[in-house]
$ cat final-v2.cif   # mmCIF, C-alpha atoms
data_my_file
#
loop_
_atom_site.label_atom_id
_atom_site.label_comp_id
_atom_site.auth_asym_id
_atom_site.auth_seq_id
_atom_site.Cartn_x
_atom_site.Cartn_y
_atom_site.Cartn_z
CA MET P 1 117.86 5.03 -76.33
CA GLU P 2 115.52 4.34 -79.21
CA LYS P 3 116.40 1.61 -81.68
CA GLY P 4 116.84 2.53 -85.31
CA ILE P 5 116.14 0.95 -88.69
CA PHE P 6 119.50 -0.82 -88.63
CA ASP P 7 119.19 -2.18 -85.10
CA GLY P 8 121.04 -5.52 -85.10
CA LEU P 9 123.13 -4.70 -88.17
CA LYS P 10 126.79 -5.43 -87.43
CA VAL P 11 129.32 -3.19 -89.15
CA LEU P 12 133.12 -3.35 -89.04
CA ASP P 13 134.69 0.03 -89.76
CA CYS P 14 138.28 -0.65 -90.82
CA ALA P 15 138.86 2.74 -92.44
CA SER P 16 140.27 6.22 -91.90
CA PHE P 17 140.24 9.75 -93.42
CA ILE P 18 137.14 10.46 -93.91
CA ALA P 19 134.50 9.31 -96.34
CA ALA P 20 134.50 5.59 -95.51
CA PRO P 21 134.23 5.93 -91.70
CA ALA P 22 131.67 8.71 -92.20
CA ALA P 23 129.48 6.25 -94.13
CA ALA P 24 129.70 3.94 -91.13
CA THR P 25 128.64 6.87 -88.95
CA VAL P 26 125.46 7.29 -90.99
CA LEU P 27 124.68 3.59 -90.51
CA SER P 28 125.24 4.07 -86.77
CA ASP P 29 122.87 7.05 -86.72
CA PHE P 30 120.13 4.66 -87.78
CA GLY P 31 121.02 2.12 -85.10
CA ALA P 32 123.72 -0.10 -86.60
CA ASP P 33 126.25 -1.59 -84.19
CA VAL P 34 129.55 -0.23 -85.55
CA ILE P 35 132.91 -1.53 -84.35
CA LYS P 36 135.82 0.76 -85.15
CA ILE P 37 138.94 -1.29 -85.92
CA GLU P 38 142.01 0.83 -85.23
CA PRO P 39 145.68 0.16 -84.47
CA PRO P 40 146.88 0.06 -80.86
CA GLY P 41 148.66 3.04 -79.37
CA ALA P 42 147.62 6.28 -81.04
CA GLY P 43 144.75 4.58 -82.83
CA ASP P 44 143.26 5.79 -86.08
CA PRO P 45 145.56 8.51 -87.50
CA TYR P 46 142.44 10.59 -88.12
CA ARG P 47 142.30 11.20 -84.39
CA ASN P 48 145.25 13.56 -84.92
CA LEU P 49 143.62 15.73 -87.60
CA PRO P 50 142.91 18.78 -85.35
CA ASN P 51 146.61 18.90 -84.45
CA LEU P 52 147.69 19.47 -88.04
CA PRO P 53 148.71 23.00 -89.10
CA GLY P 54 145.85 25.28 -90.03
CA TYR P 55 143.10 23.62 -88.01
CA PRO P 56 141.29 25.57 -85.27
CA ALA P 57 142.43 25.17 -81.69
CA SER P 58 139.97 23.36 -79.43
CA GLU P 59 139.91 21.41 -76.19
CA HIS P 60 137.72 18.88 -78.02
CA ASN P 61 138.73 16.49 -80.78
CA PHE P 62 136.03 17.86 -83.07
CA ALA P 63 136.97 15.72 -86.08
CA TRP P 64 136.80 12.49 -84.10
CA MET P 65 133.55 13.55 -82.43
CA LEU P 66 131.88 13.76 -85.82
CA GLU P 67 133.24 10.69 -87.59
CA ALA P 68 133.41 8.26 -84.64
CA ARG P 69 130.24 9.01 -82.71
CA ASN P 70 128.15 6.01 -81.67
CA LYS P 71 130.99 3.57 -82.43
CA LYS P 72 132.85 1.06 -80.28
CA SER P 73 136.63 0.81 -80.53
CA LEU P 74 138.57 -2.41 -80.92
CA ALA P 75 142.35 -1.92 -81.09
CA LEU P 76 143.87 -4.59 -83.36
CA ASP P 77 147.36 -4.78 -84.81
CA LEU P 78 146.47 -6.33 -88.15
CA THR P 79 150.13 -6.95 -88.96
CA LYS P 80 149.96 -9.80 -86.43
CA PRO P 81 148.33 -13.13 -87.42
CA GLU P 82 146.56 -13.37 -84.07
CA ALA P 83 144.83 -10.02 -84.69
CA ARG P 84 143.74 -11.07 -88.17
CA GLU P 85 142.22 -14.22 -86.70
CA VAL P 86 140.17 -12.02 -84.34
CA LEU P 87 139.05 -9.93 -87.29
CA TYR P 88 138.10 -13.02 -89.29
CA LYS P 89 136.01 -14.27 -86.38
CA LEU P 90 134.16 -10.94 -86.29
CA VAL P 91 133.75 -10.92 -90.08
CA ALA P 92 132.03 -14.30 -89.91
CA GLU P 93 129.20 -12.70 -87.93
CA ALA P 94 129.20 -9.24 -89.54
CA ASP P 95 126.85 -7.74 -92.09
CA VAL P 96 129.13 -5.03 -93.48
CA PHE P 97 132.90 -4.63 -93.68
CA ILE P 98 134.12 -1.13 -94.59
CA THR P 99 137.66 -0.25 -95.62
CA ASN P 100 139.49 2.44 -97.54
CA MET P 101 142.95 0.93 -97.42
CA PRO P 102 144.61 0.82 -100.86
CA PRO P 103 144.25 -2.55 -102.63
CA GLN P 104 147.90 -3.49 -102.12
CA VAL P 105 147.66 -2.79 -98.36
CA ARG P 106 144.50 -4.88 -98.11
CA ALA P 107 146.32 -7.73 -99.81
CA LYS P 108 149.28 -7.43 -97.45
CA LEU P 109 147.02 -7.48 -94.37
CA GLY P 110 144.80 -10.28 -95.64
CA ILE P 111 141.60 -8.23 -95.76
CA THR P 112 140.73 -8.19 -99.46
CA HIS P 113 137.29 -9.25 -100.61
CA ASP P 114 138.69 -12.65 -101.56
CA HIS P 115 140.16 -13.06 -98.06
CA LEU P 116 136.87 -12.29 -96.33
CA ALA P 117 134.01 -13.30 -98.63
CA HIS P 118 134.42 -17.04 -98.07
CA LEU P 119 134.08 -16.49 -94.32
CA ASN P 120 130.57 -15.10 -94.68
CA ASP P 121 128.55 -15.35 -97.87
CA ARG P 122 126.14 -12.66 -96.63
CA LEU P 123 128.88 -10.09 -96.06
CA ILE P 124 128.67 -6.71 -97.78
CA TYR P 125 132.32 -5.83 -98.47
CA ALA P 126 132.47 -2.07 -99.03
CA SER P 127 135.71 -0.55 -100.27
CA PHE P 128 136.56 3.09 -100.88
CA THR P 129 139.54 4.47 -102.80
CA GLY P 130 140.90 7.72 -104.15
CA TYR P 131 140.96 6.87 -107.83
CA GLY P 132 139.13 3.55 -108.26
CA GLU P 133 140.35 -0.02 -107.91
CA LYS P 134 141.58 -0.56 -111.47
CA GLY P 135 144.31 1.02 -113.54
CA GLU P 136 147.72 2.45 -112.76
CA GLU P 137 146.39 4.81 -110.06
CA ALA P 138 144.52 2.16 -108.07
CA ASN P 139 147.05 2.28 -105.22
CA LYS P 140 147.67 6.02 -105.41
CA PRO P 141 146.88 7.82 -102.14
CA GLY P 142 144.02 10.27 -102.49
CA PHE P 143 142.38 12.88 -100.31
CA ASP P 144 139.33 14.90 -101.22
CA SER P 145 141.48 17.97 -101.86
CA ASN P 146 143.26 16.26 -104.74
CA ALA P 147 141.20 13.30 -105.96
CA TYR P 148 137.76 14.93 -105.59
CA TRP P 149 138.21 18.68 -105.67
CA ALA P 150 141.20 19.13 -107.96
CA ARG P 151 140.90 16.14 -110.32
CA SER P 152 137.25 16.77 -111.16
CA GLY P 153 137.71 20.33 -112.38
CA LEU P 154 135.84 21.84 -109.45
CA MET P 155 138.96 23.49 -108.06
CA ASP P 156 139.46 25.31 -111.33
CA LEU P 157 135.82 26.17 -111.99
CA VAL P 158 134.80 27.77 -108.69
CA ARG P 159 137.55 30.38 -108.60
CA ALA P 160 136.40 33.94 -109.12
CA ASP P 161 137.72 34.10 -112.67
CA GLU P 162 140.41 32.57 -114.84
CA ASP P 163 143.02 35.06 -113.69
CA THR P 164 142.81 34.21 -109.99
CA THR P 165 144.49 31.23 -108.33
CA PRO P 166 142.59 27.92 -108.06
CA ALA P 167 140.29 27.76 -105.03
CA ARG P 168 141.35 25.66 -102.05
CA SER P 169 138.90 23.21 -100.53
CA VAL P 170 138.10 22.95 -96.83
CA ALA P 171 138.44 19.88 -94.62
CA GLY P 172 136.09 17.06 -95.57
CA MET P 173 134.24 19.11 -98.18
CA GLY P 174 134.38 16.28 -100.69
CA ASP P 175 134.59 13.43 -98.19
CA HIS P 176 131.18 13.97 -96.66
CA PRO P 177 129.27 13.96 -99.97
CA CYS P 178 131.29 10.88 -100.93
CA ALA P 179 130.25 9.26 -97.64
CA MET P 180 126.61 9.60 -98.66
CA ALA P 181 127.30 7.90 -102.00
CA PHE P 182 129.18 5.13 -100.17
CA TYR P 183 126.32 4.77 -97.70
CA GLY P 184 123.93 4.51 -100.65
CA ALA P 185 126.05 1.76 -102.19
CA ILE P 186 126.04 -0.19 -98.93
CA VAL P 187 122.30 0.16 -98.42
CA THR P 188 121.65 -0.85 -102.04
CA ALA P 189 123.74 -3.97 -101.48
CA LEU P 190 121.80 -4.73 -98.30
CA PHE P 191 118.57 -4.45 -100.30
CA GLN P 192 120.00 -6.79 -102.92
CA ARG P 193 120.90 -9.23 -100.16
CA GLU P 194 117.28 -9.22 -99.02
CA LYS P 195 116.33 -10.47 -102.50
CA THR P 196 119.18 -12.91 -103.11
CA GLY P 197 120.40 -13.89 -99.65
CA LYS P 198 123.95 -13.21 -100.81
CA GLY P 199 126.46 -10.52 -99.97
CA SER P 200 128.48 -8.57 -102.52
CA HIS P 201 131.41 -6.23 -103.07
CA VAL P 202 130.48 -2.55 -103.46
CA SER P 203 132.80 0.38 -104.00
CA THR P 204 133.09 4.03 -104.89
CA ASN P 205 135.90 6.56 -104.96
CA LEU P 206 136.74 10.24 -104.57
CA MET P 207 137.43 10.80 -108.25
CA ALA P 208 134.10 9.38 -109.40
CA ASN P 209 132.19 11.44 -106.88
CA GLY P 210 134.06 14.60 -107.80
CA VAL P 211 133.16 14.23 -111.47
CA TRP P 212 129.57 13.43 -110.47
CA ALA P 213 129.47 16.63 -108.38
CA ASN P 214 130.72 18.50 -111.44
CA GLY P 215 128.44 16.45 -113.66
CA VAL P 216 126.56 19.24 -115.47
CA LEU P 217 129.67 20.88 -116.87
CA ALA P 218 131.53 17.59 -117.27
CA GLN P 219 128.65 16.32 -119.42
CA ALA P 220 128.69 19.57 -121.36
CA LYS P 221 132.35 18.96 -122.17
CA LEU P 222 131.64 15.34 -123.07
CA ALA P 223 128.87 16.55 -125.38
CA GLY P 224 131.25 18.94 -127.15
CA ALA P 225 129.85 22.17 -125.73
CA LYS P 226 131.65 25.46 -126.36
CA PHE P 227 132.61 27.25 -123.15
CA LYS P 228 132.93 31.00 -122.68
CA LYS P 229 135.69 32.59 -120.67
CA ARG P 230 134.68 33.04 -117.04
CA LYS P 231 134.53 36.62 -115.87
CA PRO P 232 134.92 38.19 -112.41
CA ARG P 233 131.89 38.98 -110.26
CA GLU P 234 131.84 42.61 -111.38
CA GLU P 235 131.43 41.47 -114.99
CA ALA P 236 128.93 38.66 -114.43
CA LEU P 237 126.44 38.11 -117.25
CA ASN P 238 123.39 38.41 -115.01
CA ALA P 239 123.09 40.90 -112.15
CA VAL P 240 120.12 39.15 -110.54
CA THR P 241 122.02 35.87 -110.02
CA ASN P 242 125.09 37.51 -108.55
CA HIS P 243 126.42 38.05 -105.03
CA TYR P 244 126.67 41.38 -103.22
CA LYS P 245 128.36 42.80 -100.15
CA CYS P 246 126.20 44.44 -97.48
CA LYS P 247 127.01 47.37 -95.21
CA ASP P 248 128.25 45.13 -92.38
CA GLY P 249 130.63 43.22 -94.64
CA ARG P 250 128.38 40.18 -95.00
CA TRP P 251 127.43 38.83 -98.42
CA LEU P 252 124.23 37.57 -100.01
CA ILE P 253 123.54 35.99 -103.36
CA LEU P 254 120.50 36.72 -105.51
CA SER P 255 118.92 33.79 -107.37
CA LEU P 256 116.06 35.35 -109.35
CA LEU P 257 115.50 32.77 -112.06
CA ASN P 258 111.98 34.10 -112.76
CA GLU P 259 113.50 37.41 -113.70
CA ASP P 260 110.74 38.94 -115.82
CA ARG P 261 108.17 38.59 -113.04
CA GLN P 262 110.42 39.48 -110.12
CA TRP P 263 112.41 42.35 -111.60
CA PRO P 264 109.87 45.07 -110.58
CA THR P 265 109.67 43.61 -107.06
CA LEU P 266 113.44 43.62 -106.69
CA ALA P 267 113.68 47.22 -107.90
CA ARG P 268 111.02 48.27 -105.37
CA CYS P 269 112.79 46.40 -102.52
CA MET P 270 115.98 48.21 -103.38
CA GLY P 271 114.26 51.59 -103.37
CA ARG P 272 115.06 51.95 -107.05
CA GLU P 273 111.65 51.80 -108.74
CA ASP P 274 113.14 54.10 -111.35
CA LEU P 275 115.08 51.15 -112.75
CA VAL P 276 111.86 49.55 -113.99
CA ALA P 277 111.21 52.49 -116.31
CA ASP P 278 114.87 52.89 -117.24
CA ALA P 279 115.16 52.13 -120.95
CA ARG P 280 118.61 50.63 -120.41
CA PHE P 281 117.10 47.78 -118.36
CA ALA P 282 113.62 47.47 -119.88
CA THR P 283 113.88 43.84 -120.94
CA LYS P 284 115.77 40.80 -119.74
CA ALA P 285 118.00 41.01 -122.81
CA ASP P 286 118.71 44.66 -122.02
CA ARG P 287 119.62 43.87 -118.42
CA HIS P 288 121.93 41.07 -119.48
CA ALA P 289 123.58 43.19 -122.12
CA ARG P 290 124.21 45.93 -119.53
CA SER P 291 124.89 43.66 -116.58
CA VAL P 292 128.11 45.47 -115.68
CA GLU P 293 126.22 48.76 -115.28
CA LEU P 294 123.50 47.07 -113.27
CA ILE P 295 125.96 45.32 -110.98
CA LYS P 296 127.57 48.67 -110.15
CA ILE P 297 124.14 50.03 -109.20
CA PHE P 298 123.34 46.95 -107.10
CA ASP P 299 126.72 47.13 -105.37
CA GLU P 300 125.96 50.66 -104.22
CA VAL P 301 122.44 49.81 -103.08
CA PHE P 302 123.30 46.64 -101.15
CA ALA P 303 126.19 48.41 -99.44
CA GLY P 304 123.65 50.73 -97.83
CA LYS P 305 122.08 48.21 -95.41
CA ASP P 306 123.24 45.40 -93.13
CA LEU P 307 122.57 41.80 -94.06
CA ALA P 308 119.83 41.45 -91.43
CA GLU P 309 117.91 44.33 -92.99
CA TRP P 310 118.21 42.87 -96.47
CA ARG P 311 117.08 39.46 -95.25
CA LYS P 312 113.92 40.98 -93.81
CA ILE P 313 113.19 42.97 -96.97
CA LEU P 314 113.89 40.22 -99.48
CA ASP P 315 112.18 37.47 -97.48
CA GLY P 316 109.18 39.73 -96.93
CA ASN P 317 108.74 40.09 -100.67
CA GLY P 318 109.23 36.47 -101.63
CA LEU P 319 112.48 37.01 -103.50
CA VAL P 320 114.87 34.07 -103.78
CA PHE P 321 118.31 34.73 -102.32
CA GLY P 322 120.83 33.09 -100.05
CA VAL P 323 122.99 34.26 -97.21
CA VAL P 324 126.68 33.57 -97.71
CA GLY P 325 126.98 31.86 -94.37
CA ILE P 326 129.95 31.93 -92.03
CA LEU P 327 130.84 29.44 -89.32
CA ASP P 328 129.73 31.86 -86.62
CA ASP P 329 126.16 31.54 -87.90
CA ILE P 330 125.87 27.78 -87.48
CA PRO P 331 125.59 27.21 -83.69
CA ASN P 332 122.56 29.51 -83.40
CA ASP P 333 120.84 28.73 -86.70
CA LYS P 334 117.25 28.11 -85.60
CA GLN P 335 116.29 26.56 -88.93
CA MET P 336 119.10 24.01 -88.64
CA ILE P 337 118.19 23.14 -85.07
CA GLU P 338 114.47 22.88 -85.75
CA ASN P 339 115.11 20.56 -88.70
CA GLU P 340 117.64 18.46 -86.75
CA VAL P 341 120.53 19.39 -88.98
CA LEU P 342 122.23 19.96 -85.65
CA VAL P 343 121.48 17.59 -82.74
CA ARG P 344 122.79 17.22 -79.19
CA PHE P 345 125.05 14.47 -77.95
CA GLU P 346 123.57 12.10 -75.41
CA ASN P 347 123.82 13.52 -71.87
CA ASP P 348 125.53 16.66 -73.15
CA THR P 349 124.68 20.16 -74.29
CA MET P 350 127.13 20.09 -77.19
CA LEU P 351 125.70 19.96 -80.69
CA THR P 352 126.93 17.78 -83.53
CA VAL P 353 126.21 17.72 -87.26
CA ASN P 354 123.50 15.21 -88.11
CA SER P 355 123.68 13.00 -91.18
CA PRO P 356 121.44 14.51 -93.89
CA ILE P 357 118.88 11.72 -94.30
CA PHE P 358 115.49 11.82 -92.60
CA ILE P 359 112.81 9.12 -92.74
CA ASP P 360 109.32 9.66 -91.36
CA GLY P 361 108.66 7.35 -88.45
CA ALA P 362 112.29 6.25 -88.20
CA LYS P 363 114.04 7.97 -85.33
CA LYS P 364 117.79 8.17 -85.31
CA VAL P 365 119.68 7.25 -82.16
CA GLN P 366 120.81 10.17 -80.06
CA PRO P 367 124.53 10.61 -80.83
CA ARG P 368 126.94 9.14 -78.33
CA LYS P 369 130.43 10.51 -77.75
CA PRO P 370 133.22 8.69 -79.65
CA PRO P 371 135.38 6.02 -77.99
CA GLU P 372 138.92 6.08 -76.71
CA VAL P 373 141.41 3.79 -78.47
CA GLY P 374 140.48 0.19 -77.67
CA GLU P 375 137.85 1.28 -75.16
CA HIS P 376 135.59 -1.65 -76.03
CA SER P 377 138.20 -4.29 -76.92
CA ASP P 378 137.45 -6.63 -74.02
CA GLU P 379 133.69 -6.20 -74.40
CA ILE P 380 133.80 -7.01 -78.11
CA LEU P 381 136.07 -10.01 -77.61
CA ARG P 382 133.85 -11.45 -74.88
CA GLN P 383 130.78 -11.04 -77.10
CA ALA P 384 132.68 -12.86 -79.84
CA GLY P 385 133.19 -15.83 -77.50
CA TYR P 386 136.73 -15.29 -76.22
CA ASP P 387 137.41 -16.27 -72.62
CA GLU P 388 139.49 -14.17 -70.23
CA ALA P 389 142.61 -16.29 -70.61
CA THR P 390 142.57 -15.92 -74.38
CA ILE P 391 141.94 -12.19 -74.13
CA GLN P 392 144.95 -11.79 -71.85
CA LYS P 393 147.05 -13.85 -74.24
CA LEU P 394 146.00 -11.63 -77.15
CA ARG P 395 146.89 -8.57 -75.11
CA ALA P 396 150.26 -9.97 -74.16
CA SER P 397 151.10 -10.64 -77.80
CA GLY P 398 150.24 -7.07 -78.76
CA ALA P 399 147.57 -8.25 -81.17
CA VAL P 400 144.87 -6.52 -79.10
CA ALA P 401 145.07 -3.41 -76.96
#

$ encode --input "final-v2.cif" --output "structure tokens"
Amino acid sequence: MEKGIFDGLKVLDCASFIAAPAAATVLSDFGADVIKIEPPGAGDPYRNLPNLPGYPASEHNFAWMLEARNKKSLALDLTKPEAREVLYKLVAEADVFITNMPPQVRAKLGITHDHLAHLNDRLIYASFTGYGEKGEEANKPGFDSNAYWARSGLMDLVRADEDTTPARSVAGMGDHPCAMAFYGAIVTALFQREKTGKGSHVSTNLMANGVWANGVLAQAKLAGAKFKKRKPREEALNAVTNHYKCKDGRWLILSLLNEDRQWPTLARCMGREDLVADARFATKADRHARSVELIKIFDEVFAGKDLAEWRKILDGNGLVFGVVGILDDIPNDKQMIENEVLVRFENDTMLTVNSPIFIDGAKKVQPRKPPEVGEHSDEILRQAGYDEATIQKLRASGAVA
């Protein structure tokens, strides 16, 4: 297996659900040695995600495969002093410690920045929360559905119009973008350490990332902008940046920002060259003013061909559009496979979702299947200098499993 940029970097992943451990996964993709700290028994509660109501049935633990690939598992009961001593010994030799436990839980378990920083002055202590680490909501539990999606205004803004119910998010939709921000914070701190020789405390949270994702409209509100009432698709203000249903029930979305130049081409592709000479739609202003009429025409035209036919026509004429993808598309998406958006597990034919950073000349490690609970406990303890008698004693006490 090829070594990556972070070969030799030691990371302790003491986190769950989803953004914080996903950031550790990105580090592992580039070769970092990541130790997953999880409680004995059932392990990280995130292992149970696919068993919750509403998730697809599978013989594979798909959630764990994605977030825990490449990692080694050490089962520690951090409520026991002996387990904390093991963790402290590992922290002394680590480069990065990642957690998303609420501040009060960190304090109770003895794993705050103050508890760990004096053990290793080069340690990057990376903490992730729902709502930030200050203020009355610092210890409030947060998931991406509420702290990222709902709190930021995104849940309200992406619904079809103001009369429909707020739009639900899907699993990890906010967590994975947040993981990239968290990864960026960690890597920035590692760069700072190269200059100063000292570690630091870095953090981010779901709420901050949600507002950042909604930054354009949030800034508009902060700047005192006046907002218009959102209208349903059939009453959109611009027909050439709208979405349409094809004959086979699939959808596409037009994104013709260079409208004046591309309008005649679009009309020709649709077999409606007459629209170019139609006085109702002669100028951009005319088309916008009569967008409802134009959308009705487009609806009828796009309903006449399957999505595959429209893709060929629109692509062949250089028009900008997007397919409204469905999950069934992903496993056979040649563009995703060719660009390593999807990659195969080591010694397996199954694909997994790659982290979305690519660096010329820097190969990522081939993904390895995730560990069982405590699969590497003995190995990690031996590497840390524990002898067999001490390991057995730690096991007997329940501190390690």

$ residues_around --input "final-v2.cif" --residues "Arg287 in chain P" --least-positions-apart "2" --cutoff "12 Å" --atoms "only C-alpha atoms" --output "PyMOL selection string"
chain P and resi 236-241+259-260+263+275-276+278-285+289-295+297

$ residues_near_point --input "final-v2.cif" --point "(143.3, 3.8, -103.1)" --cutoff "7 Å" --atoms "only C-alpha atoms" --output "list in words"
Asn100, Met101, Pro102, Pro103, Thr129, Gly130, Tyr131, Gly132, Glu133, Ala138, Asn139, Lys140, Pro141 and Gly142 of chain P

$ closest_residue --input "final-v2.cif" --among "P:Glu235, P:Glu67, P:Asp7, P:Asp387" --to "Ala19 in chain P" --atoms "all atoms listed in the file"
P:Glu67

$ resolve_selection --input "final-v2.cif" --expression "the PyMOL selection byres ((chain P and resi 202-217) around 7)" --output "list in words"
Tyr125, Ala126, Ser127, Phe128, Thr129, Gly130, Tyr131, Gly132, Asp144, Ala147, Tyr148, Trp149, Arg151, Ser152, Leu154, Cys178, Phe182, Ala185, Ile186, Ser200, His201, Ala218, Gln219, Ala220 and Lys221 of chain P

$ write_last_selection --input "final-v2.cif" --atoms "C-alpha atoms" --output "short mmCIF file (atom, residue, chain, number, x, y, z; two decimals), keeping the file's coordinate frame"
data_model
loop_
_atom_site.label_atom_id
_atom_site.label_comp_id
_atom_site.auth_asym_id
_atom_site.auth_seq_id
_atom_site.Cartn_x
_atom_site.Cartn_y
_atom_site.Cartn_z
CA TYR P 125 132.32 -5.83 -98.47
CA ALA P 126 132.47 -2.07 -99.03
CA SER P 127 135.71 -0.55 -100.27
CA PHE P 128 136.56 3.09 -100.88
CA THR P 129 139.54 4.47 -102.80
CA GLY P 130 140.90 7.72 -104.15
CA TYR P 131 140.96 6.87 -107.83
CA GLY P 132 139.13 3.55 -108.26
CA ASP P 144 139.33 14.90 -101.22
CA ALA P 147 141.20 13.30 -105.96
CA TYR P 148 137.76 14.93 -105.59
CA TRP P 149 138.21 18.68 -105.67
CA ARG P 151 140.90 16.14 -110.32
CA SER P 152 137.25 16.77 -111.16
CA LEU P 154 135.84 21.84 -109.45
CA CYS P 178 131.29 10.88 -100.93
CA PHE P 182 129.18 5.13 -100.17
CA ALA P 185 126.05 1.76 -102.19
CA ILE P 186 126.04 -0.19 -98.93
CA SER P 200 128.48 -8.57 -102.52
CA HIS P 201 131.41 -6.23 -103.07
CA ALA P 218 131.53 17.59 -117.27
CA GLN P 219 128.65 16.32 -119.42
CA ALA P 220 128.69 19.57 -121.36
CA LYS P 221 132.35 18.96 -122.17
#

$ closest_residue --input "final-v2.cif" --among "P:Gly135, P:Pro232, P:Gly174, P:Gly54" --to "Ala160 in chain P" --atoms "all atoms listed in the file"
P:Pro232

$ closest_residue --input "final-v2.cif" --among "P:Gly374, P:Gly197, P:Gly318, P:Pro53" --to "Ala75 in chain P" --atoms "only C-alpha atoms"
P:Gly374

$ closest_atom_pairs --input "final-v2.cif" --of "range 166-233 of chain P" --to "range 21-43 of chain P" --cutoff "9 Å" --atoms "all atoms listed in the file" --output "Markdown table"
| residue | atom | partner | partner_atom | distance |
| --- | --- | --- | --- | --- |
| P:Asp175 | CA | P:Ala22 | CA | 8.2 |
| P:His176 | CA | P:Ala22 | CA | 6.9 |
| P:Cys178 | CA | P:Ala23 | CA | 8.4 |
| P:Ala179 | CA | P:Ala23 | CA | 4.7 |
| P:Met180 | CA | P:Ala23 | CA | 6.3 |
| P:Ala181 | CA | P:Ala23 | CA | 8.3 |
| P:Phe182 | CA | P:Ala23 | CA | 6.2 |
| P:Tyr183 | CA | P:Ala23 | CA | 5.0 |
| P:Gly184 | CA | P:Ala23 | CA | 8.7 |
| P:Ile186 | CA | P:Ala23 | CA | 8.7 |
| P:Val187 | CA | P:Leu27 | CA | 8.9 |

$ closest_residue --input "final-v2.cif" --among "P:Ile5, P:Val86, P:Val91, P:Met350" --to "Gly385 in chain P" --atoms "all atoms listed in the file"
P:Val86

$ atom_distance --input "final-v2.cif" --atom1 "CA of Gly304 in chain P" --atom2 "CA of Met270 in chain P"
9.8 Å

$ residues_around --input "final-v2.cif" --residues "Arg230 in chain P" --least-positions-apart "2" --cutoff "7 Å" --atoms "all atoms listed in the file" --output "list in words"
Asp161, Glu162, Lys228 and Pro232 of chain P

$ atom_distance --input "final-v2.cif" --atom1 "CA of Asn120 in chain P" --atom2 "CA of Leu190 in chain P"
14.1 Å

$ atom_distance --input "final-v2.cif" --atom1 "CA of Lys226 in chain P" --atom2 "CA of Pro177 in chain P"
28.9 Å

$ residues_near_point --input "final-v2.cif" --point "(133.7, -4.4, -84.9)" --cutoff "9 Å" --atoms "all atoms listed in the file" --output "mmCIF file with C-alpha atoms, in the coordinates of the input"
data_model
loop_
_atom_site.group_PDB
_atom_site.id
_atom_site.type_symbol
_atom_site.label_atom_id
_atom_site.label_comp_id
_atom_site.auth_asym_id
_atom_site.auth_seq_id
_atom_site.Cartn_x
_atom_site.Cartn_y
_atom_site.Cartn_z
ATOM 1 C CA LYS P 10 126.790 -5.430 -87.430
ATOM 2 C CA VAL P 11 129.320 -3.190 -89.150
ATOM 3 C CA LEU P 12 133.120 -3.350 -89.040
ATOM 4 C CA ASP P 13 134.690 0.030 -89.760
ATOM 5 C CA CYS P 14 138.280 -0.650 -90.820
ATOM 6 C CA ASP P 33 126.250 -1.590 -84.190
ATOM 7 C CA VAL P 34 129.550 -0.230 -85.550
ATOM 8 C CA ILE P 35 132.910 -1.530 -84.350
ATOM 9 C CA LYS P 36 135.820 0.760 -85.150
ATOM 10 C CA ILE P 37 138.940 -1.290 -85.920
ATOM 11 C CA LYS P 71 130.990 3.570 -82.430
ATOM 12 C CA LYS P 72 132.850 1.060 -80.280
ATOM 13 C CA SER P 73 136.630 0.810 -80.530
ATOM 14 C CA LEU P 74 138.570 -2.410 -80.920
ATOM 15 C CA LEU P 87 139.050 -9.930 -87.290
ATOM 16 C CA LEU P 90 134.160 -10.940 -86.290
ATOM 17 C CA VAL P 91 133.750 -10.920 -90.080
ATOM 18 C CA ALA P 94 129.200 -9.240 -89.540
ATOM 19 C CA PHE P 97 132.900 -4.630 -93.680
ATOM 20 C CA ILE P 380 133.800 -7.010 -78.110
#

$ resolve_selection --input "final-v2.cif" --expression "the PyMOL selection byres ((chain P and resi 66) around 9)" --output "number ranges by chain"
P: 22, 25, 61-65, 67-69, 352-354, 369-370

$ closest_residue --input "final-v2.cif" --among "P:Arg261, P:His376, P:His243, P:Lys80" --to "Leu319 in chain P" --atoms "all atoms listed in the file"
P:Arg261

$ residues_around --input "final-v2.cif" --residues "range 341-347 of chain P" --least-positions-apart "2" --cutoff "10 Å" --atoms "all atoms listed in the file" --output "JSON, numbers by chain"
{"P": [1, 65, 69, 70, 330, 331, 332, 333, 334, 335, 336, 337, 338, 339, 349, 350, 351, 352, 353, 354, 355, 356, 357, 358, 365, 366, 367, 368, 369]}

$ closest_residue --input "final-v2.cif" --among "P:Gln383, P:Thr188, P:Asn317, P:Ser377" --to "Val400 in chain P" --atoms "all atoms listed in the file"
P:Ser377

$ resolve_selection --input "final-v2.cif" --expression "the PyMOL selection byres ((chain P and resi 322) around 6)" --output "number ranges by chain"
P: 252-253, 321, 323
